[in-house]
file query22.txt (compact mmCIF, N, CA and C atoms and all ligand atoms)
# COMPACT_ATOMS: atom_id res chain seq x y z
N MET A 174 107.79 101.56 72.14
CA MET A 174 106.78 100.72 71.48
C MET A 174 105.72 100.29 72.50
N ALA A 175 104.46 100.42 72.13
CA ALA A 175 103.39 100.02 73.04
C ALA A 175 103.39 98.51 73.25
N THR A 176 103.29 98.11 74.50
CA THR A 176 103.18 96.68 74.78
C THR A 176 101.71 96.29 74.73
N ASN A 177 101.45 95.01 74.91
CA ASN A 177 100.07 94.55 74.81
C ASN A 177 99.48 94.15 76.16
N ARG A 178 100.05 94.67 77.25
CA ARG A 178 99.52 94.31 78.57
C ARG A 178 99.23 95.54 79.42
N THR A 179 98.20 95.40 80.26
CA THR A 179 97.94 96.41 81.28
C THR A 179 97.62 95.70 82.58
N PHE A 180 97.54 96.47 83.66
CA PHE A 180 97.24 95.91 84.98
C PHE A 180 95.98 96.58 85.52
N THR A 181 95.11 95.77 86.15
CA THR A 181 93.89 96.32 86.73
C THR A 181 93.63 95.77 88.13
N MET A 182 92.87 96.51 88.90
CA MET A 182 92.29 95.99 90.15
C MET A 182 90.81 96.34 90.14
N ILE A 183 89.98 95.37 90.54
CA ILE A 183 88.60 95.68 90.89
C ILE A 183 88.67 96.07 92.36
N LYS A 184 88.32 97.33 92.65
CA LYS A 184 88.58 97.92 93.96
C LYS A 184 87.56 97.45 95.01
N PRO A 185 87.85 97.67 96.31
CA PRO A 185 86.99 97.15 97.37
C PRO A 185 85.52 97.57 97.28
N ASP A 186 85.23 98.77 96.77
CA ASP A 186 83.83 99.20 96.66
C ASP A 186 83.06 98.31 95.68
N ALA A 187 83.66 98.04 94.53
CA ALA A 187 82.98 97.23 93.51
C ALA A 187 82.84 95.78 93.96
N VAL A 188 83.84 95.29 94.71
CA VAL A 188 83.74 93.93 95.26
C VAL A 188 82.57 93.89 96.26
N ARG A 189 82.56 94.85 97.20
CA ARG A 189 81.50 94.91 98.22
C ARG A 189 80.11 95.02 97.59
N ASN A 190 80.03 95.76 96.48
CA ASN A 190 78.73 96.00 95.84
C ASN A 190 78.32 94.89 94.88
N GLY A 191 79.12 93.83 94.80
CA GLY A 191 78.73 92.65 94.02
C GLY A 191 78.95 92.76 92.52
N HIS A 192 79.93 93.58 92.11
CA HIS A 192 80.12 93.83 90.67
C HIS A 192 81.28 93.06 90.03
N ILE A 193 81.91 92.13 90.75
CA ILE A 193 83.07 91.42 90.15
C ILE A 193 82.68 90.77 88.83
N GLY A 194 81.59 90.01 88.82
CA GLY A 194 81.21 89.26 87.62
C GLY A 194 80.91 90.17 86.44
N ALA A 195 80.14 91.21 86.68
CA ALA A 195 79.76 92.12 85.59
C ALA A 195 80.99 92.84 85.03
N ILE A 196 81.89 93.23 85.90
CA ILE A 196 83.08 93.96 85.44
C ILE A 196 83.99 93.04 84.62
N LEU A 197 84.19 91.80 85.10
CA LEU A 197 85.03 90.86 84.34
C LEU A 197 84.39 90.56 82.98
N GLU A 198 83.07 90.47 82.95
CA GLU A 198 82.37 90.21 81.69
C GLU A 198 82.60 91.36 80.71
N GLN A 199 82.52 92.59 81.21
CA GLN A 199 82.73 93.75 80.34
C GLN A 199 84.18 93.80 79.84
N ILE A 200 85.12 93.44 80.71
CA ILE A 200 86.54 93.42 80.32
C ILE A 200 86.77 92.37 79.22
N ASN A 201 86.25 91.17 79.43
CA ASN A 201 86.39 90.11 78.42
C ASN A 201 85.66 90.50 77.13
N GLY A 202 84.48 91.08 77.26
CA GLY A 202 83.68 91.46 76.11
C GLY A 202 84.35 92.51 75.24
N ALA A 203 85.24 93.30 75.87
CA ALA A 203 85.97 94.34 75.13
C ALA A 203 87.24 93.78 74.49
N GLY A 204 87.46 92.48 74.62
CA GLY A 204 88.57 91.85 73.91
C GLY A 204 89.84 91.65 74.72
N PHE A 205 89.78 91.90 76.02
CA PHE A 205 90.96 91.68 76.86
C PHE A 205 90.98 90.23 77.34
N LYS A 206 92.18 89.63 77.27
CA LYS A 206 92.38 88.29 77.79
C LYS A 206 93.03 88.40 79.17
N ILE A 207 92.52 87.63 80.12
CA ILE A 207 93.10 87.64 81.47
C ILE A 207 94.29 86.68 81.48
N VAL A 208 95.50 87.20 81.73
CA VAL A 208 96.68 86.33 81.75
C VAL A 208 97.18 86.07 83.17
N ALA A 209 96.67 86.83 84.15
CA ALA A 209 96.97 86.59 85.56
C ALA A 209 95.81 87.16 86.37
N MET A 210 95.45 86.48 87.48
CA MET A 210 94.35 87.02 88.29
C MET A 210 94.42 86.46 89.70
N LYS A 211 94.15 87.32 90.70
CA LYS A 211 94.01 86.84 92.08
C LYS A 211 93.03 87.68 92.89
N TYR A 212 92.40 87.00 93.85
CA TYR A 212 91.48 87.64 94.80
C TYR A 212 92.27 87.77 96.09
N THR A 213 92.49 88.99 96.54
CA THR A 213 93.41 89.21 97.64
C THR A 213 93.04 90.49 98.37
N GLN A 214 93.70 90.76 99.49
CA GLN A 214 93.49 92.03 100.18
C GLN A 214 94.83 92.69 100.43
N LEU A 215 94.95 93.97 100.12
CA LEU A 215 96.18 94.72 100.35
C LEU A 215 96.26 95.14 101.81
N SER A 216 97.42 95.00 102.43
CA SER A 216 97.65 95.61 103.75
C SER A 216 97.77 97.12 103.52
N LYS A 217 97.69 97.89 104.61
CA LYS A 217 97.89 99.34 104.48
C LYS A 217 99.27 99.64 103.89
N GLU A 218 100.26 98.86 104.33
CA GLU A 218 101.63 99.07 103.85
C GLU A 218 101.73 98.84 102.34
N LYS A 219 101.13 97.74 101.88
CA LYS A 219 101.18 97.41 100.45
C LYS A 219 100.41 98.44 99.62
N ALA A 220 99.25 98.87 100.12
CA ALA A 220 98.46 99.88 99.40
C ALA A 220 99.25 101.19 99.32
N GLY A 221 99.92 101.55 100.42
CA GLY A 221 100.73 102.77 100.44
C GLY A 221 101.87 102.71 99.45
N GLU A 222 102.46 101.53 99.34
CA GLU A 222 103.57 101.32 98.41
C GLU A 222 103.07 101.38 96.95
N PHE A 223 101.93 100.74 96.70
CA PHE A 223 101.39 100.73 95.34
C PHE A 223 101.11 102.15 94.85
N TYR A 224 100.57 102.98 95.76
CA TYR A 224 100.19 104.35 95.39
C TYR A 224 101.22 105.39 95.84
N ALA A 225 102.47 104.97 95.99
CA ALA A 225 103.53 105.86 96.50
C ALA A 225 103.65 107.14 95.69
N VAL A 226 103.34 107.06 94.39
CA VAL A 226 103.44 108.24 93.51
C VAL A 226 102.49 109.35 93.98
N HIS A 227 101.43 108.99 94.72
CA HIS A 227 100.46 109.99 95.19
C HIS A 227 100.73 110.46 96.63
N ARG A 228 101.82 109.97 97.24
CA ARG A 228 102.15 110.37 98.60
C ARG A 228 102.27 111.89 98.65
N GLY A 229 101.63 112.50 99.68
CA GLY A 229 101.67 113.96 99.78
C GLY A 229 100.43 114.63 99.21
N ARG A 230 99.69 113.90 98.35
CA ARG A 230 98.43 114.47 97.81
C ARG A 230 97.39 114.43 98.93
N PRO A 231 96.41 115.37 98.90
CA PRO A 231 95.42 115.45 100.00
C PRO A 231 94.60 114.17 100.18
N PHE A 232 94.44 113.39 99.11
CA PHE A 232 93.59 112.20 99.20
C PHE A 232 94.38 110.92 99.49
N TYR A 233 95.69 111.03 99.72
CA TYR A 233 96.54 109.84 99.83
C TYR A 233 96.11 108.91 100.99
N ASP A 234 95.92 109.48 102.19
CA ASP A 234 95.58 108.65 103.35
C ASP A 234 94.23 107.96 103.15
N GLU A 235 93.28 108.72 102.61
CA GLU A 235 91.95 108.18 102.31
C GLU A 235 92.06 107.04 101.30
N LEU A 236 92.90 107.24 100.29
CA LEU A 236 93.09 106.24 99.24
C LEU A 236 93.69 104.95 99.81
N VAL A 237 94.70 105.09 100.67
CA VAL A 237 95.35 103.92 101.26
C VAL A 237 94.37 103.18 102.18
N ASP A 238 93.61 103.92 102.97
CA ASP A 238 92.60 103.29 103.85
C ASP A 238 91.57 102.54 103.02
N PHE A 239 91.08 103.19 101.98
CA PHE A 239 90.06 102.58 101.12
C PHE A 239 90.59 101.34 100.43
N MET A 240 91.77 101.43 99.83
CA MET A 240 92.29 100.30 99.04
C MET A 240 92.67 99.10 99.89
N SER A 241 92.83 99.32 101.21
CA SER A 241 93.13 98.20 102.11
C SER A 241 91.90 97.79 102.92
N SER A 242 90.74 98.34 102.59
CA SER A 242 89.53 98.14 103.42
C SER A 242 88.80 96.83 103.16
N GLY A 243 89.19 96.11 102.12
CA GLY A 243 88.51 94.86 101.80
C GLY A 243 89.19 94.21 100.62
N PRO A 244 88.71 93.03 100.23
CA PRO A 244 89.36 92.32 99.12
C PRO A 244 89.24 93.04 97.80
N ILE A 245 90.20 92.75 96.93
CA ILE A 245 90.25 93.27 95.56
C ILE A 245 90.46 92.09 94.61
N VAL A 246 90.20 92.30 93.34
CA VAL A 246 90.63 91.37 92.30
C VAL A 246 91.73 92.08 91.52
N ALA A 247 92.91 91.48 91.49
CA ALA A 247 94.03 92.03 90.73
C ALA A 247 94.21 91.18 89.48
N ALA A 248 94.50 91.81 88.35
CA ALA A 248 94.66 91.04 87.11
C ALA A 248 95.59 91.72 86.12
N ILE A 249 96.26 90.92 85.33
CA ILE A 249 97.02 91.40 84.18
C ILE A 249 96.22 91.04 82.94
N LEU A 250 96.03 92.03 82.06
CA LEU A 250 95.19 91.88 80.88
C LEU A 250 96.01 92.04 79.61
N GLU A 251 95.64 91.28 78.59
CA GLU A 251 96.37 91.32 77.33
C GLU A 251 95.45 91.68 76.17
N LYS A 252 95.92 92.58 75.32
CA LYS A 252 95.17 93.03 74.14
C LYS A 252 96.06 94.02 73.40
N GLY A 253 95.94 94.15 72.10
CA GLY A 253 96.67 95.20 71.41
C GLY A 253 96.29 96.56 71.98
N ASN A 254 97.26 97.45 72.14
CA ASN A 254 97.00 98.79 72.66
C ASN A 254 96.32 98.75 74.04
N ALA A 255 96.76 97.79 74.88
CA ALA A 255 96.06 97.47 76.13
C ALA A 255 95.90 98.67 77.07
N VAL A 256 96.98 99.43 77.29
CA VAL A 256 96.91 100.51 78.29
C VAL A 256 95.87 101.55 77.90
N ALA A 257 95.98 102.07 76.69
CA ALA A 257 95.07 103.14 76.25
C ALA A 257 93.63 102.62 76.10
N ASP A 258 93.49 101.43 75.52
CA ASP A 258 92.13 100.90 75.33
C ASP A 258 91.45 100.61 76.67
N PHE A 259 92.23 100.17 77.65
CA PHE A 259 91.62 99.88 78.95
C PHE A 259 91.24 101.17 79.67
N ARG A 260 92.06 102.22 79.56
CA ARG A 260 91.69 103.50 80.17
C ARG A 260 90.38 104.02 79.54
N LYS A 261 90.21 103.77 78.25
CA LYS A 261 88.98 104.18 77.57
C LYS A 261 87.79 103.37 78.11
N LEU A 262 88.01 102.09 78.34
CA LEU A 262 86.94 101.21 78.83
C LEU A 262 86.51 101.57 80.25
N ILE A 263 87.45 102.04 81.08
CA ILE A 263 87.07 102.33 82.48
C ILE A 263 86.52 103.74 82.64
N GLY A 264 86.92 104.69 81.80
CA GLY A 264 86.39 106.05 81.91
C GLY A 264 87.18 106.91 82.87
N ALA A 265 86.77 108.17 82.98
CA ALA A 265 87.49 109.16 83.79
C ALA A 265 87.52 108.78 85.27
N THR A 266 88.55 109.29 85.96
CA THR A 266 88.72 109.03 87.39
C THR A 266 87.46 109.38 88.17
N ASN A 267 86.88 110.54 87.87
CA ASN A 267 85.64 110.97 88.52
C ASN A 267 84.45 110.39 87.73
N PRO A 268 83.66 109.52 88.36
CA PRO A 268 82.56 108.88 87.60
C PRO A 268 81.56 109.88 87.02
N ASP A 269 81.46 111.07 87.62
CA ASP A 269 80.56 112.10 87.07
C ASP A 269 81.05 112.57 85.69
N GLU A 270 82.34 112.39 85.42
CA GLU A 270 82.92 112.81 84.14
C GLU A 270 83.18 111.64 83.20
N ALA A 271 82.87 110.43 83.65
CA ALA A 271 83.14 109.24 82.84
C ALA A 271 82.07 109.08 81.77
N ASP A 272 82.50 108.71 80.55
CA ASP A 272 81.55 108.51 79.45
C ASP A 272 80.54 107.41 79.81
N ALA A 273 79.31 107.59 79.30
CA ALA A 273 78.25 106.60 79.54
C ALA A 273 78.72 105.23 79.05
N GLY A 274 78.41 104.21 79.83
CA GLY A 274 78.76 102.85 79.44
C GLY A 274 80.12 102.39 79.92
N THR A 275 80.97 103.32 80.36
CA THR A 275 82.28 102.91 80.88
C THR A 275 82.09 102.24 82.25
N ILE A 276 83.10 101.48 82.64
CA ILE A 276 82.99 100.73 83.91
C ILE A 276 82.79 101.67 85.09
N ARG A 277 83.52 102.79 85.10
CA ARG A 277 83.36 103.72 86.23
C ARG A 277 82.00 104.41 86.19
N ALA A 278 81.52 104.75 85.00
CA ALA A 278 80.18 105.37 84.92
C ALA A 278 79.13 104.42 85.48
N LYS A 279 79.30 103.13 85.26
CA LYS A 279 78.29 102.16 85.69
C LYS A 279 78.44 101.74 87.15
N TYR A 280 79.68 101.64 87.64
CA TYR A 280 79.87 100.99 88.94
C TYR A 280 80.56 101.83 90.00
N ALA A 281 81.17 102.96 89.65
CA ALA A 281 81.85 103.77 90.66
C ALA A 281 80.84 104.56 91.47
N THR A 282 81.19 104.86 92.71
CA THR A 282 80.28 105.66 93.54
C THR A 282 80.81 107.06 93.80
N SER A 283 82.12 107.28 93.67
CA SER A 283 82.71 108.61 93.88
C SER A 283 84.09 108.66 93.22
N ILE A 284 84.72 109.83 93.26
CA ILE A 284 86.05 109.95 92.67
C ILE A 284 87.06 109.07 93.41
N GLY A 285 86.85 108.84 94.69
CA GLY A 285 87.76 107.98 95.46
C GLY A 285 87.41 106.51 95.28
N GLU A 286 86.13 106.20 95.47
CA GLU A 286 85.66 104.81 95.37
C GLU A 286 85.16 104.58 93.95
N ASN A 287 86.13 104.41 93.05
CA ASN A 287 85.79 104.45 91.62
C ASN A 287 85.94 103.09 90.91
N ALA A 288 85.69 102.03 91.67
CA ALA A 288 85.44 100.68 91.12
C ALA A 288 86.63 99.93 90.53
N VAL A 289 87.48 100.61 89.75
CA VAL A 289 88.58 99.90 89.09
C VAL A 289 89.83 100.77 88.97
N HIS A 290 90.95 100.09 88.91
CA HIS A 290 92.24 100.72 88.59
C HIS A 290 92.62 100.33 87.17
N GLY A 291 93.31 101.22 86.47
CA GLY A 291 93.91 100.87 85.19
C GLY A 291 95.25 101.58 85.07
N SER A 292 96.29 100.86 84.65
CA SER A 292 97.63 101.46 84.52
C SER A 292 97.59 102.63 83.54
N ASP A 293 98.48 103.62 83.77
CA ASP A 293 98.47 104.82 82.91
C ASP A 293 99.59 104.84 81.88
N SER A 294 100.46 103.82 81.87
CA SER A 294 101.54 103.75 80.87
C SER A 294 102.03 102.31 80.78
N ASP A 295 102.72 102.01 79.69
CA ASP A 295 103.29 100.67 79.54
C ASP A 295 104.29 100.38 80.67
N GLU A 296 105.07 101.39 81.01
CA GLU A 296 106.08 101.21 82.07
C GLU A 296 105.39 100.89 83.40
N ASN A 297 104.35 101.64 83.73
CA ASN A 297 103.65 101.38 85.00
C ASN A 297 102.88 100.06 84.97
N ALA A 298 102.38 99.68 83.81
CA ALA A 298 101.69 98.39 83.70
C ALA A 298 102.64 97.26 84.09
N GLU A 299 103.87 97.34 83.62
CA GLU A 299 104.88 96.33 83.94
C GLU A 299 105.22 96.35 85.44
N ILE A 300 105.44 97.55 85.97
CA ILE A 300 105.78 97.69 87.39
C ILE A 300 104.64 97.17 88.27
N GLU A 301 103.41 97.56 87.94
CA GLU A 301 102.26 97.19 88.77
C GLU A 301 101.94 95.70 88.66
N GLY A 302 102.09 95.14 87.47
CA GLY A 302 101.87 93.70 87.31
C GLY A 302 102.87 92.90 88.14
N SER A 303 104.13 93.32 88.09
CA SER A 303 105.18 92.64 88.85
C SER A 303 105.02 92.82 90.35
N PHE A 304 104.38 93.91 90.76
CA PHE A 304 104.12 94.18 92.18
C PHE A 304 103.19 93.11 92.74
N HIS A 305 102.25 92.63 91.91
CA HIS A 305 101.22 91.70 92.39
C HIS A 305 101.45 90.25 92.00
N PHE A 306 102.23 90.00 90.94
CA PHE A 306 102.34 88.64 90.42
C PHE A 306 103.78 88.22 90.21
N ALA A 307 104.07 86.97 90.59
CA ALA A 307 105.34 86.34 90.24
C ALA A 307 105.24 85.84 88.80
N GLY A 308 106.35 85.65 88.16
CA GLY A 308 106.38 85.17 86.78
C GLY A 308 105.60 83.87 86.62
N THR A 309 105.65 82.99 87.63
CA THR A 309 104.97 81.70 87.55
C THR A 309 103.45 81.83 87.66
N GLU A 310 102.95 83.03 87.98
CA GLU A 310 101.50 83.25 88.11
C GLU A 310 100.91 83.92 86.87
N VAL A 311 101.72 84.12 85.85
CA VAL A 311 101.27 84.77 84.61
C VAL A 311 101.23 83.73 83.49
N PHE A 312 100.08 83.63 82.82
CA PHE A 312 99.87 82.59 81.81
C PHE A 312 99.54 83.22 80.46
N ALA A 313 100.53 83.33 79.63
CA ALA A 313 100.34 84.01 78.36
C ALA A 313 99.48 83.19 77.41
P1 LIG B 1 93.31 107.04 87.99
O1 LIG B 1 92.96 105.89 88.89
O2 LIG B 1 92.16 107.40 87.08
O3 LIG B 1 94.60 106.83 87.24
P2 LIG B 1 94.77 108.87 89.71
O4 LIG B 1 94.79 110.34 89.54
O5 LIG B 1 95.99 108.08 89.35
O6 LIG B 1 93.48 108.32 88.91
O7 LIG B 1 94.40 108.59 91.23
C1 LIG B 1 94.52 107.30 91.79
C2 LIG B 1 93.30 107.01 92.62
O8 LIG B 1 93.24 107.90 93.72
C3 LIG B 1 91.96 107.23 91.90
O9 LIG B 1 91.58 106.14 91.08
C4 LIG B 1 91.01 107.41 93.07
O10 LIG B 1 90.69 106.17 93.69
C5 LIG B 1 91.89 108.21 94.03
N1 LIG B 1 91.69 109.66 93.86
C6 LIG B 1 92.15 110.45 92.86
N2 LIG B 1 91.77 111.73 93.02
C7 LIG B 1 91.05 111.76 94.15
C8 LIG B 1 90.37 112.81 94.86
O11 LIG B 1 90.36 113.98 94.46
N3 LIG B 1 89.70 112.44 96.00
C9 LIG B 1 89.70 111.16 96.48
N4 LIG B 1 90.32 110.15 95.85
C10 LIG B 1 90.99 110.44 94.69
MG MG B 2 96.52 106.64 87.97
call {"tool": "encode", "arguments": {"input": "query22.txt", "output": "structure tokens", "more": "lines below"}}
Ligand code: IDP
Ligand code: MG
result
Amino acid sequence: MATNRTFTMIKPDAVRNGHIGAILEQINGAGFKIVAMKYTQLSKEKAGEFYAVHRGRPFYDELVDFMSSGPIVAAILEKGNAVADFRKLIGATNPDEADAGTIRAKYATSIGENAVHGSDSDENAEIEGSFHFAGTEVFA
């Protein structure tokens, strides 16, 4: 059964480029409620752990360096059909292939520095949310 939560990060490129406010506005405007949020920076170790599923891929080291290169905004979002609807809102991994108006089409600069993360399944949304937030930091 589909749950109603997903996990996102506004990545270091979008933070550096001043897009936190616009991205949060688009997320809220699409009907997602923020139930947990923090402004933080991942260590290389934490970034490597978060993206462990990609270990061994050619872009893994670059991804870990990038994701630990500056602050991020991490958040848990709530909405019916959250995972699929949020993937639709952010667009394809490669911004050149992302539909017009999606967050990545508007704010990503490359396939690596692509502005936002979005969970790809209900199971991963739960795992990723718990990776960043304690139960006491989530407000339903
Ligand atoms: P997703 O974020 O759209 O789910 P994934 O395939 O899960 O895409 O890849 C995780 C992240 O790794 C991407 O968001 C992007 O930052 C980075 N990445 C994926 N493919 C490449 C690549 O070919 N070159 C550089 N970075 C990549
Ligand atoms: Mg992914």
call {"tool": "closest_residue", "arguments": {"input": "query22.txt", "among": "A:Arg277, A:Ile245, A:Arg228, A:Gly291", "to": "ligand MG 2 (chain B)", "atoms": "only N, CA and C atoms and all ligand atoms"}}
result
A:Gly291
call {"tool": "closest_residue", "arguments": {"input": "query22.txt", "among": "A:Pro231, A:Gly302, A:Pro244, A:Gly194", "to": "A:Leu215", "atoms": "only N, CA and C atoms"}}
result
A:Pro244
call {"tool": "closest_residue", "arguments": {"input": "query22.txt", "among": "A:Ala298, A:Val237, A:Met210, A:Ala187", "to": "ligand LIG 1 (chain B)", "atoms": "all atoms listed in the file"}}
result
A:Val237
call {"tool": "closest_atom_pairs", "arguments": {"input": "query22.txt", "of": "chain A", "to": "ligand LIG 1 (chain B)", "cutoff": "7 Å", "atoms": "all atoms listed in the file", "output": "tab-separated table"}}
result
residue	atom	partner	partner_atom	distance
A:Pro231	C	B:LIG1	N3	6.7
A:Phe232	CA	B:LIG1	C9	4.9
A:Tyr233	N	B:LIG1	N4	6.7
A:Glu235	C	B:LIG1	N4	6.5
A:Leu236	CA	B:LIG1	C5	5.7
A:Gly264	C	B:LIG1	O2	6.5
A:Ala265	C	B:LIG1	O2	5.2
A:Thr266	CA	B:LIG1	O2	3.8
A:Asn267	N	B:LIG1	O2	6.2
A:Ser283	C	B:LIG1	N4	6.9
A:Ile284	C	B:LIG1	N4	4.2
A:Gly285	CA	B:LIG1	N4	3.4
A:Glu286	N	B:LIG1	O10	4.9
A:Asn287	N	B:LIG1	O10	4.9
A:Ala288	N	B:LIG1	O10	6.8
A:Val289	C	B:LIG1	O1	6.0
A:His290	CA	B:LIG1	O1	5.2
A:Gly291	N	B:LIG1	O1	5.3
A:Ser292	C	B:LIG1	O3	6.3
A:Asp293	N	B:LIG1	O3	6.1
call {"tool": "closest_residue", "arguments": {"input": "query22.txt", "among": "A:Ser294, A:Thr282, A:Ser241, A:Asn177", "to": "ligand MG 2 (chain B)", "atoms": "only C-alpha atoms and all ligand atoms"}}
result
A:Ser294
call {"tool": "residues_around", "arguments": {"input": "query22.txt", "residues": "A:Ala257", "least_positions_apart": "2", "cutoff": "9 Å", "atoms": "only C-alpha atoms", "output": "ChimeraX atom specification"}}
result
/A:179,254-255,259-262,292-294
call {"tool": "write_last_selection", "arguments": {"input": "query22.txt", "atoms": "N, CA and C atoms", "output": "compact mmCIF listing (two decimals), in the coordinates of the input"}}
result
# COMPACT_ATOMS: atom_id res chain seq x y z
N THR A 179 98.20 95.40 80.26
CA THR A 179 97.94 96.41 81.28
C THR A 179 97.62 95.70 82.58
N ASN A 254 97.26 97.45 72.14
CA ASN A 254 97.00 98.79 72.66
C ASN A 254 96.32 98.75 74.04
N ALA A 255 96.76 97.79 74.88
CA ALA A 255 96.06 97.47 76.13
C ALA A 255 95.90 98.67 77.07
N PHE A 259 92.23 100.17 77.65
CA PHE A 259 91.62 99.88 78.95
C PHE A 259 91.24 101.17 79.67
N ARG A 260 92.06 102.22 79.56
CA ARG A 260 91.69 103.50 80.17
C ARG A 260 90.38 104.02 79.54
N LYS A 261 90.21 103.77 78.25
CA LYS A 261 88.98 104.18 77.57
C LYS A 261 87.79 103.37 78.11
N LEU A 262 88.01 102.09 78.34
CA LEU A 262 86.94 101.21 78.83
C LEU A 262 86.51 101.57 80.25
N SER A 292 96.29 100.86 84.65
CA SER A 292 97.63 101.46 84.52
C SER A 292 97.59 102.63 83.54
N ASP A 293 98.48 103.62 83.77
CA ASP A 293 98.47 104.82 82.91
C ASP A 293 99.59 104.84 81.88
N SER A 294 100.46 103.82 81.87
CA SER A 294 101.54 103.75 80.87
C SER A 294 102.03 102.31 80.78
call {"tool": "atom_distance", "arguments": {"input": "query22.txt", "atom1": "atom N of A:His305", "atom2": "atom CA of A:Val246"}}
result
11.7 Å
call {"tool": "closest_residue", "arguments": {"input": "query22.txt", "among": "A:Ala278, A:Thr181, A:His192, A:Asp272", "to": "ligand MG 2 (chain B)", "atoms": "only C-alpha atoms and all ligand atoms"}}
result
A:Thr181
call {"tool": "atom_distance", "arguments": {"input": "query22.txt", "atom1": "atom C of A:Gly191", "atom2": "atom N of A:Phe205"}}
result
19.8 Å
call {"tool": "atom_distance", "arguments": {"input": "query22.txt", "atom1": "atom N of A:Thr213", "atom2": "atom N of A:Ala247"}}
result
5.6 Å
call {"tool": "closest_residue", "arguments": {"input": "query22.txt", "among": "A:Lys252, A:Glu222, A:Gly243, A:Ser303", "to": "A:Pro185", "atoms": "all atoms listed in the file"}}
result
A:Gly243
call {"tool": "select_by_dssp", "arguments": {"input": "query22.txt", "residues": "stretch 182-304 of chain A", "states": "strand (DSSP E or B)", "output": "NGL selection string"}}
result
:A and (182-183 or 206-213 or 245-251 or 289-291)
call {"tool": "write_last_selection", "arguments": {"input": "query22.txt", "atoms": "N, CA and C atoms", "output": "compact mmCIF listing (two decimals), in the coordinates of the input"}}
result
# COMPACT_ATOMS: atom_id res chain seq x y z
N MET A 182 92.87 96.51 88.90
CA MET A 182 92.29 95.99 90.15
C MET A 182 90.81 96.34 90.14
N ILE A 183 89.98 95.37 90.54
CA ILE A 183 88.60 95.68 90.89
C ILE A 183 88.67 96.07 92.36
N LYS A 206 92.18 89.63 77.27
CA LYS A 206 92.38 88.29 77.79
C LYS A 206 93.03 88.40 79.17
N ILE A 207 92.52 87.63 80.12
CA ILE A 207 93.10 87.64 81.47
C ILE A 207 94.29 86.68 81.48
N VAL A 208 95.50 87.20 81.73
CA VAL A 208 96.68 86.33 81.75
C VAL A 208 97.18 86.07 83.17
N ALA A 209 96.67 86.83 84.15
CA ALA A 209 96.97 86.59 85.56
C ALA A 209 95.81 87.16 86.37
N MET A 210 95.45 86.48 87.48
CA MET A 210 94.35 87.02 88.29
C MET A 210 94.42 86.46 89.70
N LYS A 211 94.15 87.32 90.70
CA LYS A 211 94.01 86.84 92.08
C LYS A 211 93.03 87.68 92.89
N TYR A 212 92.40 87.00 93.85
CA TYR A 212 91.48 87.64 94.80
C TYR A 212 92.27 87.77 96.09
N THR A 213 92.49 88.99 96.54
CA THR A 213 93.41 89.21 97.64
C THR A 213 93.04 90.49 98.37
N ILE A 245 90.20 92.75 96.93
CA ILE A 245 90.25 93.27 95.56
C ILE A 245 90.46 92.09 94.61
N VAL A 246 90.20 92.30 93.34
CA VAL A 246 90.63 91.37 92.30
C VAL A 246 91.73 92.08 91.52
N ALA A 247 92.91 91.48 91.49
CA ALA A 247 94.03 92.03 90.73
C ALA A 247 94.21 91.18 89.48
N ALA A 248 94.50 91.81 88.35
CA ALA A 248 94.66 91.04 87.11
C ALA A 248 95.59 91.72 86.12
N ILE A 249 96.26 90.92 85.33
CA ILE A 249 97.02 91.40 84.18
C ILE A 249 96.22 91.04 82.94
N LEU A 250 96.03 92.03 82.06
CA LEU A 250 95.19 91.88 80.88
C LEU A 250 96.01 92.04 79.61
N GLU A 251 95.64 91.28 78.59
CA GLU A 251 96.37 91.32 77.33
C GLU A 251 95.45 91.68 76.17
N VAL A 289 87.48 100.61 89.75
CA VAL A 289 88.58 99.90 89.09
C VAL A 289 89.83 100.77 88.97
N HIS A 290 90.95 100.09 88.91
CA HIS A 290 92.24 100.72 88.59
C HIS A 290 92.62 100.33 87.17
N GLY A 291 93.31 101.22 86.47
CA GLY A 291 93.91 100.87 85.19
C GLY A 291 95.25 101.58 85.07
